[in-house]
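J.: This one is coords_9.cif, mmCIF, N, CA and C atoms.
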```cif
data_model
#
loop_
_atom_site.label_atom_id
_atom_site.label_comp_id
_atom_site.auth_asym_id
_atom_site.auth_seq_id
_atom_site.Cartn_x
_atom_site.Cartn_y
_atom_site.Cartn_z
N MET A 76 -5.68 -4.22 -6.68
CA MET A 76 -4.64 -3.87 -5.72
C MET A 76 -5.31 -3.34 -4.46
N ILE A 77 -4.66 -3.61 -3.32
CA ILE A 77 -5.18 -3.11 -2.05
C ILE A 77 -4.02 -2.54 -1.23
N LYS A 78 -4.26 -1.41 -0.61
CA LYS A 78 -3.25 -0.74 0.21
C LYS A 78 -3.60 -0.98 1.68
N PHE A 79 -2.63 -1.54 2.42
CA PHE A 79 -2.82 -1.78 3.85
C PHE A 79 -1.94 -0.85 4.66
N SER A 80 -2.47 -0.39 5.78
CA SER A 80 -1.67 0.31 6.77
C SER A 80 -1.05 -0.76 7.65
N LEU A 81 0.27 -0.72 7.80
CA LEU A 81 1.00 -1.75 8.53
C LEU A 81 1.79 -1.12 9.67
N SER A 82 2.21 -1.98 10.58
CA SER A 82 3.03 -1.55 11.71
C SER A 82 3.96 -2.70 12.08
N CYS A 83 5.18 -2.36 12.49
CA CYS A 83 6.11 -3.41 12.93
C CYS A 83 6.10 -3.50 14.45
N ASP A 84 6.78 -4.49 14.98
CA ASP A 84 6.83 -4.69 16.42
C ASP A 84 7.57 -3.58 17.16
N ASN A 85 8.26 -2.71 16.42
CA ASN A 85 8.94 -1.57 17.04
C ASN A 85 8.11 -0.29 16.96
N GLY A 86 6.87 -0.41 16.46
CA GLY A 86 5.96 0.72 16.44
C GLY A 86 6.06 1.63 15.23
N HIS A 87 6.79 1.22 14.20
CA HIS A 87 6.88 2.04 12.99
C HIS A 87 5.66 1.77 12.11
N ASP A 88 5.00 2.82 11.66
CA ASP A 88 3.82 2.71 10.80
C ASP A 88 4.20 3.00 9.36
N PHE A 89 3.64 2.24 8.44
CA PHE A 89 3.88 2.45 7.02
C PHE A 89 2.75 1.80 6.23
N ASP A 90 2.66 2.15 4.95
CA ASP A 90 1.65 1.59 4.07
C ASP A 90 2.33 0.78 2.98
N SER A 91 1.61 -0.21 2.45
CA SER A 91 2.13 -0.98 1.33
C SER A 91 0.97 -1.52 0.51
N TRP A 92 1.23 -1.70 -0.78
CA TRP A 92 0.23 -2.21 -1.72
C TRP A 92 0.43 -3.70 -1.94
N PHE A 93 -0.68 -4.43 -2.10
CA PHE A 93 -0.65 -5.87 -2.35
C PHE A 93 -1.67 -6.20 -3.43
N LYS A 94 -1.43 -7.26 -4.14
CA LYS A 94 -2.36 -7.70 -5.19
C LYS A 94 -3.71 -8.06 -4.59
N SER A 95 -3.69 -8.65 -3.41
CA SER A 95 -4.92 -9.07 -2.74
C SER A 95 -4.60 -9.32 -1.27
N ASN A 96 -5.64 -9.57 -0.47
CA ASN A 96 -5.42 -9.94 0.92
C ASN A 96 -4.67 -11.27 1.00
N ASP A 97 -4.99 -12.19 0.09
CA ASP A 97 -4.29 -13.48 0.06
C ASP A 97 -2.80 -13.30 -0.22
N ALA A 98 -2.47 -12.35 -1.10
CA ALA A 98 -1.06 -12.07 -1.40
C ALA A 98 -0.36 -11.55 -0.15
N PHE A 99 -1.03 -10.65 0.59
CA PHE A 99 -0.46 -10.16 1.85
C PHE A 99 -0.21 -11.33 2.80
N GLU A 100 -1.24 -12.16 2.99
CA GLU A 100 -1.13 -13.28 3.93
C GLU A 100 -0.01 -14.23 3.54
N SER A 101 0.13 -14.50 2.25
CA SER A 101 1.19 -15.39 1.77
C SER A 101 2.58 -14.83 2.10
N LEU A 102 2.78 -13.55 1.80
CA LEU A 102 4.07 -12.91 2.11
C LEU A 102 4.31 -12.84 3.61
N HIS A 103 3.25 -12.55 4.37
CA HIS A 103 3.35 -12.45 5.82
C HIS A 103 3.75 -13.80 6.42
N GLN A 104 3.08 -14.87 5.99
CA GLN A 104 3.38 -16.21 6.50
C GLN A 104 4.82 -16.64 6.17
N ALA A 105 5.32 -16.20 5.00
CA ALA A 105 6.68 -16.56 4.58
C ALA A 105 7.74 -15.68 5.23
N GLY A 106 7.32 -14.65 6.01
CA GLY A 106 8.28 -13.76 6.65
C GLY A 106 8.97 -12.82 5.69
N LEU A 107 8.31 -12.50 4.56
CA LEU A 107 8.93 -11.68 3.53
C LEU A 107 8.53 -10.21 3.59
N LEU A 108 7.77 -9.81 4.62
CA LEU A 108 7.42 -8.41 4.79
C LEU A 108 8.38 -7.79 5.79
N ASN A 109 8.94 -6.63 5.44
CA ASN A 109 9.89 -5.96 6.31
C ASN A 109 9.51 -4.50 6.51
N CYS A 110 9.79 -4.00 7.70
CA CYS A 110 9.58 -2.59 8.01
C CYS A 110 10.62 -1.78 7.24
N PRO A 111 10.21 -0.71 6.54
CA PRO A 111 11.19 0.09 5.80
C PRO A 111 12.08 0.95 6.69
N VAL A 112 11.75 1.03 7.99
CA VAL A 112 12.54 1.85 8.90
C VAL A 112 13.58 1.02 9.63
N CYS A 113 13.15 -0.09 10.27
CA CYS A 113 14.08 -0.90 11.08
C CYS A 113 14.31 -2.30 10.52
N TYR A 114 13.63 -2.65 9.44
CA TYR A 114 13.79 -3.91 8.73
C TYR A 114 13.27 -5.13 9.49
N SER A 115 12.53 -4.91 10.58
CA SER A 115 11.93 -6.01 11.31
C SER A 115 10.96 -6.73 10.38
N ASN A 116 10.92 -8.07 10.48
CA ASN A 116 9.94 -8.81 9.68
C ASN A 116 8.72 -9.19 10.51
N ARG A 117 8.60 -8.61 11.69
CA ARG A 117 7.41 -8.80 12.53
C ARG A 117 6.45 -7.65 12.22
N VAL A 118 5.71 -7.82 11.14
CA VAL A 118 4.85 -6.79 10.59
C VAL A 118 3.41 -7.28 10.61
N GLY A 119 2.49 -6.38 10.94
CA GLY A 119 1.08 -6.74 10.94
C GLY A 119 0.22 -5.59 10.45
N LYS A 120 -1.03 -5.91 10.12
CA LYS A 120 -1.98 -4.90 9.65
C LYS A 120 -2.46 -4.07 10.83
N LYS A 121 -2.72 -2.80 10.56
CA LYS A 121 -3.35 -1.91 11.53
C LYS A 121 -4.84 -1.86 11.21
N ILE A 122 -5.63 -1.45 12.16
CA ILE A 122 -7.05 -1.24 11.90
C ILE A 122 -7.16 -0.08 10.94
N MET A 123 -7.93 -0.26 9.85
CA MET A 123 -7.98 0.74 8.81
C MET A 123 -9.15 0.51 7.89
N THR A 124 -9.41 1.49 7.06
CA THR A 124 -10.32 1.33 5.94
C THR A 124 -9.42 1.15 4.73
N PRO A 125 -9.42 -0.01 4.09
CA PRO A 125 -8.47 -0.26 3.01
C PRO A 125 -8.79 0.55 1.76
N ASN A 126 -7.74 0.89 1.02
CA ASN A 126 -7.87 1.50 -0.30
C ASN A 126 -7.70 0.38 -1.31
N VAL A 127 -8.59 0.31 -2.26
CA VAL A 127 -8.56 -0.73 -3.27
C VAL A 127 -8.41 -0.06 -4.62
N VAL A 128 -7.57 -0.62 -5.48
CA VAL A 128 -7.38 -0.07 -6.82
C VAL A 128 -7.98 -1.02 -7.83
N ASN A 129 -8.81 -0.48 -8.70
CA ASN A 129 -9.32 -1.23 -9.84
C ASN A 129 -8.20 -1.21 -10.87
N THR A 130 -7.51 -2.35 -11.05
CA THR A 130 -6.33 -2.37 -11.91
C THR A 130 -6.66 -2.12 -13.37
N LYS A 131 -7.90 -2.34 -13.79
CA LYS A 131 -8.27 -2.07 -15.18
C LYS A 131 -8.37 -0.58 -15.45
N LYS A 132 -8.81 0.18 -14.46
CA LYS A 132 -9.01 1.62 -14.66
C LYS A 132 -7.92 2.45 -13.97
N GLY A 133 -7.09 1.83 -13.11
CA GLY A 133 -6.03 2.56 -12.43
C GLY A 133 -6.54 3.56 -11.41
N LYS A 134 -7.73 3.37 -10.89
CA LYS A 134 -8.32 4.30 -9.94
C LYS A 134 -8.34 3.66 -8.56
N ALA A 135 -8.16 4.49 -7.53
CA ALA A 135 -8.24 4.02 -6.15
C ALA A 135 -9.60 4.40 -5.59
N VAL A 136 -10.17 3.50 -4.80
CA VAL A 136 -11.45 3.78 -4.17
C VAL A 136 -11.28 3.60 -2.67
N ASN A 137 -11.56 4.63 -1.89
CA ASN A 137 -11.52 4.55 -0.45
C ASN A 137 -12.91 4.16 0.01
N ALA A 138 -13.03 3.02 0.68
CA ALA A 138 -14.33 2.51 1.07
C ALA A 138 -15.06 3.45 2.02
N GLU A 139 -14.32 4.26 2.77
CA GLU A 139 -14.94 5.16 3.75
C GLU A 139 -15.61 6.36 3.08
N THR A 140 -14.95 6.96 2.10
CA THR A 140 -15.48 8.16 1.47
C THR A 140 -16.05 7.91 0.08
N ASP A 141 -15.75 6.74 -0.50
CA ASP A 141 -16.21 6.36 -1.83
C ASP A 141 -15.79 7.39 -2.89
N THR A 142 -14.59 7.97 -2.70
CA THR A 142 -14.05 8.89 -3.70
C THR A 142 -13.01 8.16 -4.53
N LYS A 143 -12.77 8.67 -5.72
CA LYS A 143 -11.78 8.04 -6.61
C LYS A 143 -10.61 8.99 -6.80
N GLU A 144 -9.40 8.42 -6.83
CA GLU A 144 -8.20 9.20 -7.09
C GLU A 144 -7.22 8.33 -7.84
N THR A 145 -6.38 8.94 -8.67
CA THR A 145 -5.36 8.20 -9.39
C THR A 145 -4.15 8.05 -8.46
N ILE A 146 -3.62 6.84 -8.39
CA ILE A 146 -2.47 6.55 -7.54
C ILE A 146 -1.26 6.25 -8.43
N ASP A 147 -0.16 6.96 -8.22
CA ASP A 147 1.08 6.70 -8.93
C ASP A 147 1.96 5.85 -8.03
N LEU A 148 2.09 4.56 -8.35
CA LEU A 148 2.84 3.64 -7.50
C LEU A 148 4.36 3.87 -7.58
N ASN A 149 4.81 4.75 -8.48
CA ASN A 149 6.23 5.07 -8.57
C ASN A 149 6.64 6.19 -7.62
N VAL A 150 5.67 6.83 -6.98
CA VAL A 150 5.94 7.93 -6.05
C VAL A 150 6.00 7.36 -4.63
N PRO A 151 7.05 7.66 -3.86
CA PRO A 151 7.14 7.15 -2.49
C PRO A 151 5.94 7.59 -1.65
N PHE A 152 5.48 6.70 -0.76
CA PHE A 152 4.34 6.99 0.10
C PHE A 152 4.73 7.74 1.36
N SER A 153 5.98 7.67 1.75
CA SER A 153 6.39 8.32 2.99
C SER A 153 7.78 8.92 2.83
N LYS A 154 8.15 9.72 3.82
CA LYS A 154 9.50 10.31 3.79
C LYS A 154 10.56 9.21 3.92
N TYR A 155 10.21 8.10 4.58
CA TYR A 155 11.16 7.00 4.73
C TYR A 155 11.38 6.30 3.40
N GLU A 156 10.30 6.04 2.67
CA GLU A 156 10.44 5.44 1.35
C GLU A 156 11.25 6.34 0.43
N LYS A 157 11.02 7.64 0.51
CA LYS A 157 11.76 8.59 -0.32
C LYS A 157 13.25 8.56 0.04
N ALA A 158 13.56 8.56 1.33
CA ALA A 158 14.96 8.53 1.76
C ALA A 158 15.65 7.24 1.30
N ILE A 159 14.96 6.12 1.39
CA ILE A 159 15.53 4.85 0.96
C ILE A 159 15.74 4.85 -0.55
N GLN A 160 14.78 5.39 -1.28
CA GLN A 160 14.90 5.50 -2.73
C GLN A 160 16.11 6.35 -3.11
N GLU A 161 16.32 7.46 -2.41
CA GLU A 161 17.46 8.33 -2.69
C GLU A 161 18.78 7.65 -2.33
N LEU A 162 18.80 6.94 -1.19
CA LEU A 162 20.01 6.22 -0.79
C LEU A 162 20.35 5.12 -1.79
N LYS A 163 19.33 4.41 -2.26
CA LYS A 163 19.54 3.35 -3.24
C LYS A 163 20.17 3.91 -4.51
N GLN A 164 19.73 5.10 -4.94
CA GLN A 164 20.30 5.73 -6.13
C GLN A 164 21.76 6.12 -5.89
N ILE A 165 22.07 6.66 -4.71
CA ILE A 165 23.44 7.04 -4.39
C ILE A 165 24.35 5.81 -4.39
N VAL A 166 23.89 4.72 -3.76
CA VAL A 166 24.69 3.49 -3.73
C VAL A 166 24.90 2.97 -5.15
N SER A 167 23.84 2.96 -5.93
CA SER A 167 23.92 2.48 -7.31
C SER A 167 24.89 3.31 -8.15
N ASP A 168 24.86 4.64 -7.97
CA ASP A 168 25.73 5.53 -8.74
C ASP A 168 27.19 5.47 -8.31
N ASN A 169 27.45 5.05 -7.07
CA ASN A 169 28.81 5.15 -6.53
C ASN A 169 29.46 3.83 -6.15
N SER A 170 28.85 2.70 -6.53
CA SER A 170 29.47 1.40 -6.25
C SER A 170 29.05 0.40 -7.31
N ASP A 171 29.79 -0.69 -7.36
CA ASP A 171 29.50 -1.75 -8.33
C ASP A 171 28.68 -2.85 -7.66
N TYR A 172 27.60 -3.28 -8.33
CA TYR A 172 26.81 -4.40 -7.83
C TYR A 172 27.50 -5.69 -8.25
N VAL A 173 27.90 -6.51 -7.26
CA VAL A 173 28.59 -7.76 -7.55
C VAL A 173 27.74 -8.99 -7.20
N GLY A 174 26.51 -8.75 -6.79
CA GLY A 174 25.58 -9.85 -6.54
C GLY A 174 26.06 -10.82 -5.48
N LYS A 175 25.92 -12.10 -5.80
CA LYS A 175 26.27 -13.15 -4.85
C LYS A 175 27.78 -13.34 -4.69
N LYS A 176 28.56 -12.61 -5.47
CA LYS A 176 30.03 -12.66 -5.34
C LYS A 176 30.53 -11.67 -4.30
N PHE A 177 29.62 -11.01 -3.58
CA PHE A 177 30.01 -9.95 -2.65
C PHE A 177 31.06 -10.41 -1.63
N VAL A 178 30.82 -11.53 -0.98
CA VAL A 178 31.72 -12.00 0.09
C VAL A 178 33.11 -12.28 -0.49
N ARG A 179 33.15 -12.98 -1.63
CA ARG A 179 34.43 -13.32 -2.26
C ARG A 179 35.17 -12.06 -2.69
N GLU A 180 34.45 -11.12 -3.32
CA GLU A 180 35.07 -9.86 -3.78
C GLU A 180 35.60 -9.05 -2.59
N ALA A 181 34.82 -8.95 -1.53
CA ALA A 181 35.23 -8.18 -0.35
C ALA A 181 36.50 -8.76 0.26
N ARG A 182 36.55 -10.08 0.36
CA ARG A 182 37.76 -10.73 0.92
C ARG A 182 38.98 -10.48 0.05
N LYS A 183 38.81 -10.61 -1.28
CA LYS A 183 39.95 -10.40 -2.19
C LYS A 183 40.46 -8.96 -2.10
N MET A 184 39.56 -8.00 -2.00
CA MET A 184 40.00 -6.61 -1.87
C MET A 184 40.71 -6.40 -0.54
N HIS A 185 40.19 -7.00 0.53
CA HIS A 185 40.80 -6.85 1.85
C HIS A 185 42.21 -7.44 1.88
N LYS A 186 42.41 -8.54 1.15
CA LYS A 186 43.73 -9.20 1.10
C LYS A 186 44.66 -8.55 0.08
N GLY A 187 44.15 -7.59 -0.69
CA GLY A 187 44.98 -6.92 -1.69
C GLY A 187 45.06 -7.67 -3.01
N GLU A 188 44.24 -8.70 -3.17
CA GLU A 188 44.25 -9.48 -4.41
C GLU A 188 43.48 -8.77 -5.53
N LEU A 189 42.62 -7.85 -5.17
CA LEU A 189 41.87 -7.02 -6.13
C LEU A 189 42.02 -5.56 -5.73
N ALA A 190 41.94 -4.68 -6.71
CA ALA A 190 41.97 -3.25 -6.42
C ALA A 190 40.75 -2.89 -5.57
N SER A 191 40.98 -2.03 -4.61
CA SER A 191 39.89 -1.61 -3.72
C SER A 191 38.92 -0.71 -4.46
N ARG A 192 37.63 -0.97 -4.27
CA ARG A 192 36.57 -0.14 -4.85
C ARG A 192 35.30 -0.34 -4.03
N SER A 193 34.36 0.54 -4.19
CA SER A 193 33.08 0.39 -3.49
C SER A 193 32.22 -0.64 -4.21
N ILE A 194 31.72 -1.60 -3.43
CA ILE A 194 30.86 -2.64 -4.01
C ILE A 194 29.63 -2.82 -3.12
N HIS A 195 28.59 -3.37 -3.70
CA HIS A 195 27.44 -3.82 -2.93
C HIS A 195 26.94 -5.11 -3.58
N GLY A 196 26.32 -5.94 -2.76
CA GLY A 196 25.85 -7.22 -3.26
C GLY A 196 25.09 -7.96 -2.19
N GLU A 197 25.16 -9.27 -2.26
CA GLU A 197 24.37 -10.11 -1.36
C GLU A 197 25.27 -10.99 -0.51
N ALA A 198 24.87 -11.13 0.75
CA ALA A 198 25.58 -12.00 1.69
C ALA A 198 24.58 -12.51 2.71
N THR A 199 24.78 -13.71 3.17
CA THR A 199 23.94 -14.22 4.24
C THR A 199 24.36 -13.54 5.54
N PRO A 200 23.50 -13.52 6.55
CA PRO A 200 23.91 -12.95 7.83
C PRO A 200 25.17 -13.63 8.38
N LYS A 201 25.28 -14.93 8.19
CA LYS A 201 26.45 -15.68 8.67
C LYS A 201 27.72 -15.20 7.95
N ASP A 202 27.64 -15.03 6.63
CA ASP A 202 28.80 -14.56 5.87
C ASP A 202 29.17 -13.13 6.24
N ALA A 203 28.16 -12.27 6.43
CA ALA A 203 28.42 -10.89 6.82
C ALA A 203 29.12 -10.85 8.17
N LYS A 204 28.67 -11.69 9.10
CA LYS A 204 29.30 -11.74 10.42
C LYS A 204 30.76 -12.18 10.30
N SER A 205 31.03 -13.17 9.44
CA SER A 205 32.41 -13.63 9.31
C SER A 205 33.29 -12.55 8.69
N LEU A 206 32.75 -11.76 7.75
CA LEU A 206 33.53 -10.64 7.20
C LEU A 206 33.88 -9.64 8.29
N ILE A 207 32.91 -9.30 9.12
CA ILE A 207 33.14 -8.35 10.21
C ILE A 207 34.19 -8.88 11.17
N GLU A 208 34.10 -10.19 11.50
CA GLU A 208 35.09 -10.81 12.40
C GLU A 208 36.49 -10.79 11.80
N GLU A 209 36.59 -10.77 10.47
CA GLU A 209 37.89 -10.71 9.79
C GLU A 209 38.39 -9.27 9.65
N GLY A 210 37.59 -8.31 10.13
CA GLY A 210 37.99 -6.90 10.04
C GLY A 210 37.61 -6.23 8.74
N ILE A 211 36.73 -6.86 7.98
CA ILE A 211 36.28 -6.30 6.70
C ILE A 211 34.99 -5.54 6.96
N PRO A 212 34.98 -4.22 6.73
CA PRO A 212 33.78 -3.43 7.03
C PRO A 212 32.65 -3.73 6.05
N VAL A 213 31.47 -4.05 6.59
CA VAL A 213 30.26 -4.25 5.78
C VAL A 213 29.10 -3.54 6.47
N LEU A 214 28.09 -3.23 5.70
CA LEU A 214 26.93 -2.54 6.21
C LEU A 214 25.70 -3.06 5.48
N PRO A 215 24.67 -3.50 6.21
CA PRO A 215 23.45 -3.95 5.51
C PRO A 215 22.73 -2.75 4.89
N LEU A 216 22.14 -2.99 3.73
CA LEU A 216 21.40 -1.94 3.04
C LEU A 216 19.91 -2.11 3.31
N PRO A 217 19.18 -0.99 3.41
CA PRO A 217 17.77 -1.06 3.82
C PRO A 217 16.79 -1.37 2.69
N TRP A 218 17.10 -2.36 1.87
CA TRP A 218 16.16 -2.82 0.85
C TRP A 218 16.46 -4.26 0.53
N SER A 219 15.49 -4.92 -0.08
CA SER A 219 15.64 -6.32 -0.45
C SER A 219 16.68 -6.45 -1.54
N SER A 220 17.27 -7.64 -1.62
CA SER A 220 18.27 -7.86 -2.65
C SER A 220 17.61 -7.80 -4.03
N ILE A 221 18.40 -7.49 -5.03
CA ILE A 221 17.90 -7.39 -6.40
C ILE A 221 17.35 -8.73 -6.87
N SER A 222 17.98 -9.83 -6.50
CA SER A 222 17.54 -11.12 -6.98
C SER A 222 16.24 -11.58 -6.35
N ASN A 223 15.80 -10.95 -5.26
CA ASN A 223 14.55 -11.34 -4.61
C ASN A 223 13.37 -10.45 -4.98
N THR A 224 13.53 -9.57 -5.96
CA THR A 224 12.45 -8.69 -6.34
C THR A 224 11.81 -9.16 -7.62
N ASN A 225 10.58 -8.71 -7.84
CA ASN A 225 9.86 -9.11 -9.05
C ASN A 225 10.39 -8.38 -10.25
#
```
Translate this file's structure into structure tokens.
T.:
Amino acid sequence: MIKFSLSCDNGHDFDSWFKSNDAFESLHQAGLLNCPVCYSNRVGKKIMTPNVVNTKKGKAVNAETDTKETIDLNVPFSKYEKAIQELKQIVSDNSDYVGKKFVREARKMHKGELASRSIHGEATPKDAKSLIEEGIPVLPLPWSSISNTN
């Protein structure tokens, strides 16, 4: 594993872990890297000394200081990651995940065909725009969809 310092085109700095430099490049070329602050997919590496993790031993090695430390990948790296993690838990606890049925469910609730409730799910930008134009309130969430995660 390797940790890169990244920055988006809006100047937000953040760190992220990748299996390898090739994995980073593959995700970067596919446009699948997003800033956790503004969600821009124009993300690039900053000049840095990379941290590399020996996955067999679970230890991180900083090439600059050659010290070893244990890294817990379940702990947020920044206050932004922590805030997003907390928001994700609040949304999960207080709404129903309807997945790709989000647009259909939202329309049915708006028309009174279904009981109104808090939902979250997936919609294309085009579908989200059409919901807004119909007067149906929607809000993008600051994380990738569940179906696009490993």
J.: Can you list every residue of range 152-198 of chain A that has an atom at most 8 Å from range 93-113 of chain A, with its nearest atom pair and the distance in Å to one decimal, using all atoms listed in the file, ordered by chain then number, as a Markdown table?
T.:
```
| residue | atom | partner | partner_atom | distance |
| --- | --- | --- | --- | --- |
| A:Tyr155 | C | A:Pro111 | C | 6.3 |
| A:Glu156 | N | A:Pro111 | C | 6.7 |
| A:Ile159 | CA | A:Pro111 | C | 7.7 |
```
J.: Calculated over only N, CA and C atoms, which of the candidates A:Asn169, A:Val178, A:Asn116, A:Lys186 has the smallest distance to Ala203 in chain A?
T.: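 Ranked by minimum distance to Ala203 in chain A, first place goes to A:Val178.
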J.: Which value, in Å to one decimal, gives the distance between atom N of Gln164 in chain A and CA of Pro215 in chain A?
T.: 14.3 Å
J.: Between atom N of Ser193 in chain A and atom N of Val213 in chain A, what is the distance, to one decimal in Å?
T.: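 Computing the Euclidean distance for atom N of Ser193 in chain A and atom N of Val213 in chain A yields 12.1 Å.
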J.: If you count all atoms listed in the file, which residues fall within 6 Å of Ile194 in chain A, apart from same-chain ones fewer than 3 positions away, as a list of chain:residue names?
T.: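 In the requested form, the answer reads A:Ser170, A:Asp171, A:Tyr172, A:Val173.
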J.: Hey, can you check how far CA of Ala181 in chain A sits from CA of His195 in chain A?
T.: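 Here the two named atoms are 9.3 Å from each other.
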J.: Can you give me, as a ChimeraX atom specification, the residues this file yields under the PyMOL selection byres ((chain A and resi 118) around 5)?
T.: /A:82-83,116-117,119-120
J.: Can you list, as a PyMOL selection string, the residues that the PyMOL selection byres ((chain A and resi 79) around 6) selects here?
T.: chain A and resi 77-78+80-81+89-93+125-126
J.: Neighbouring residues of Asp202 in chain A were defined as those with any atom within 12 Å, considering only C-alpha atoms; residues of the same chain fewer than 2 positions away were excluded. Please report them as a short mmCIF file (atom, residue, chain, number, x, y, z; two decimals) with N, CA and C atoms, in the frame of the given file.
T.:
```cif
data_model
loop_
_atom_site.label_atom_id
_atom_site.label_comp_id
_atom_site.auth_asym_id
_atom_site.auth_seq_id
_atom_site.Cartn_x
_atom_site.Cartn_y
_atom_site.Cartn_z
N LYS A 175 25.92 -12.10 -5.80
CA LYS A 175 26.27 -13.15 -4.85
C LYS A 175 27.78 -13.34 -4.69
N LYS A 176 28.56 -12.61 -5.47
CA LYS A 176 30.03 -12.66 -5.34
C LYS A 176 30.53 -11.67 -4.30
N PHE A 177 29.62 -11.01 -3.58
CA PHE A 177 30.01 -9.95 -2.65
C PHE A 177 31.06 -10.41 -1.63
N VAL A 178 30.82 -11.53 -0.98
CA VAL A 178 31.72 -12.00 0.09
C VAL A 178 33.11 -12.28 -0.49
N ARG A 179 33.15 -12.98 -1.63
CA ARG A 179 34.43 -13.32 -2.26
C ARG A 179 35.17 -12.06 -2.69
N ALA A 181 34.82 -8.95 -1.53
CA ALA A 181 35.23 -8.18 -0.35
C ALA A 181 36.50 -8.76 0.26
N ARG A 182 36.55 -10.08 0.36
CA ARG A 182 37.76 -10.73 0.92
C ARG A 182 38.98 -10.48 0.05
N GLU A 197 25.16 -9.27 -2.26
CA GLU A 197 24.37 -10.11 -1.36
C GLU A 197 25.27 -10.99 -0.51
N ALA A 198 24.87 -11.13 0.75
CA ALA A 198 25.58 -12.00 1.69
C ALA A 198 24.58 -12.51 2.71
N THR A 199 24.78 -13.71 3.17
CA THR A 199 23.94 -14.22 4.24
C THR A 199 24.36 -13.54 5.54
N PRO A 200 23.50 -13.52 6.55
CA PRO A 200 23.91 -12.95 7.83
C PRO A 200 25.17 -13.63 8.38
N LYS A 204 28.67 -11.69 9.10
CA LYS A 204 29.30 -11.74 10.42
C LYS A 204 30.76 -12.18 10.30
N SER A 205 31.03 -13.17 9.44
CA SER A 205 32.41 -13.63 9.31
C SER A 205 33.29 -12.55 8.69
N LEU A 206 32.75 -11.76 7.75
CA LEU A 206 33.53 -10.64 7.20
C LEU A 206 33.88 -9.64 8.29
N ILE A 207 32.91 -9.30 9.12
CA ILE A 207 33.14 -8.35 10.21
C ILE A 207 34.19 -8.88 11.17
N GLU A 208 34.10 -10.19 11.50
CA GLU A 208 35.09 -10.81 12.40
C GLU A 208 36.49 -10.79 11.80
N GLU A 209 36.59 -10.77 10.47
CA GLU A 209 37.89 -10.71 9.79
C GLU A 209 38.39 -9.27 9.65
N ILE A 211 36.73 -6.86 7.98
CA ILE A 211 36.28 -6.30 6.70
C ILE A 211 34.99 -5.54 6.96
N VAL A 213 31.47 -4.05 6.59
CA VAL A 213 30.26 -4.25 5.78
C VAL A 213 29.10 -3.54 6.47
N PRO A 215 24.67 -3.50 6.21
CA PRO A 215 23.45 -3.95 5.51
C PRO A 215 22.73 -2.75 4.89
#
```
J.: Restricting the calculation to only C-alpha atoms: of A:His185, A:His87, A:Lys157, A:Arg192, which residue gets closest to Lys121 in chain A?
T.: A:His87
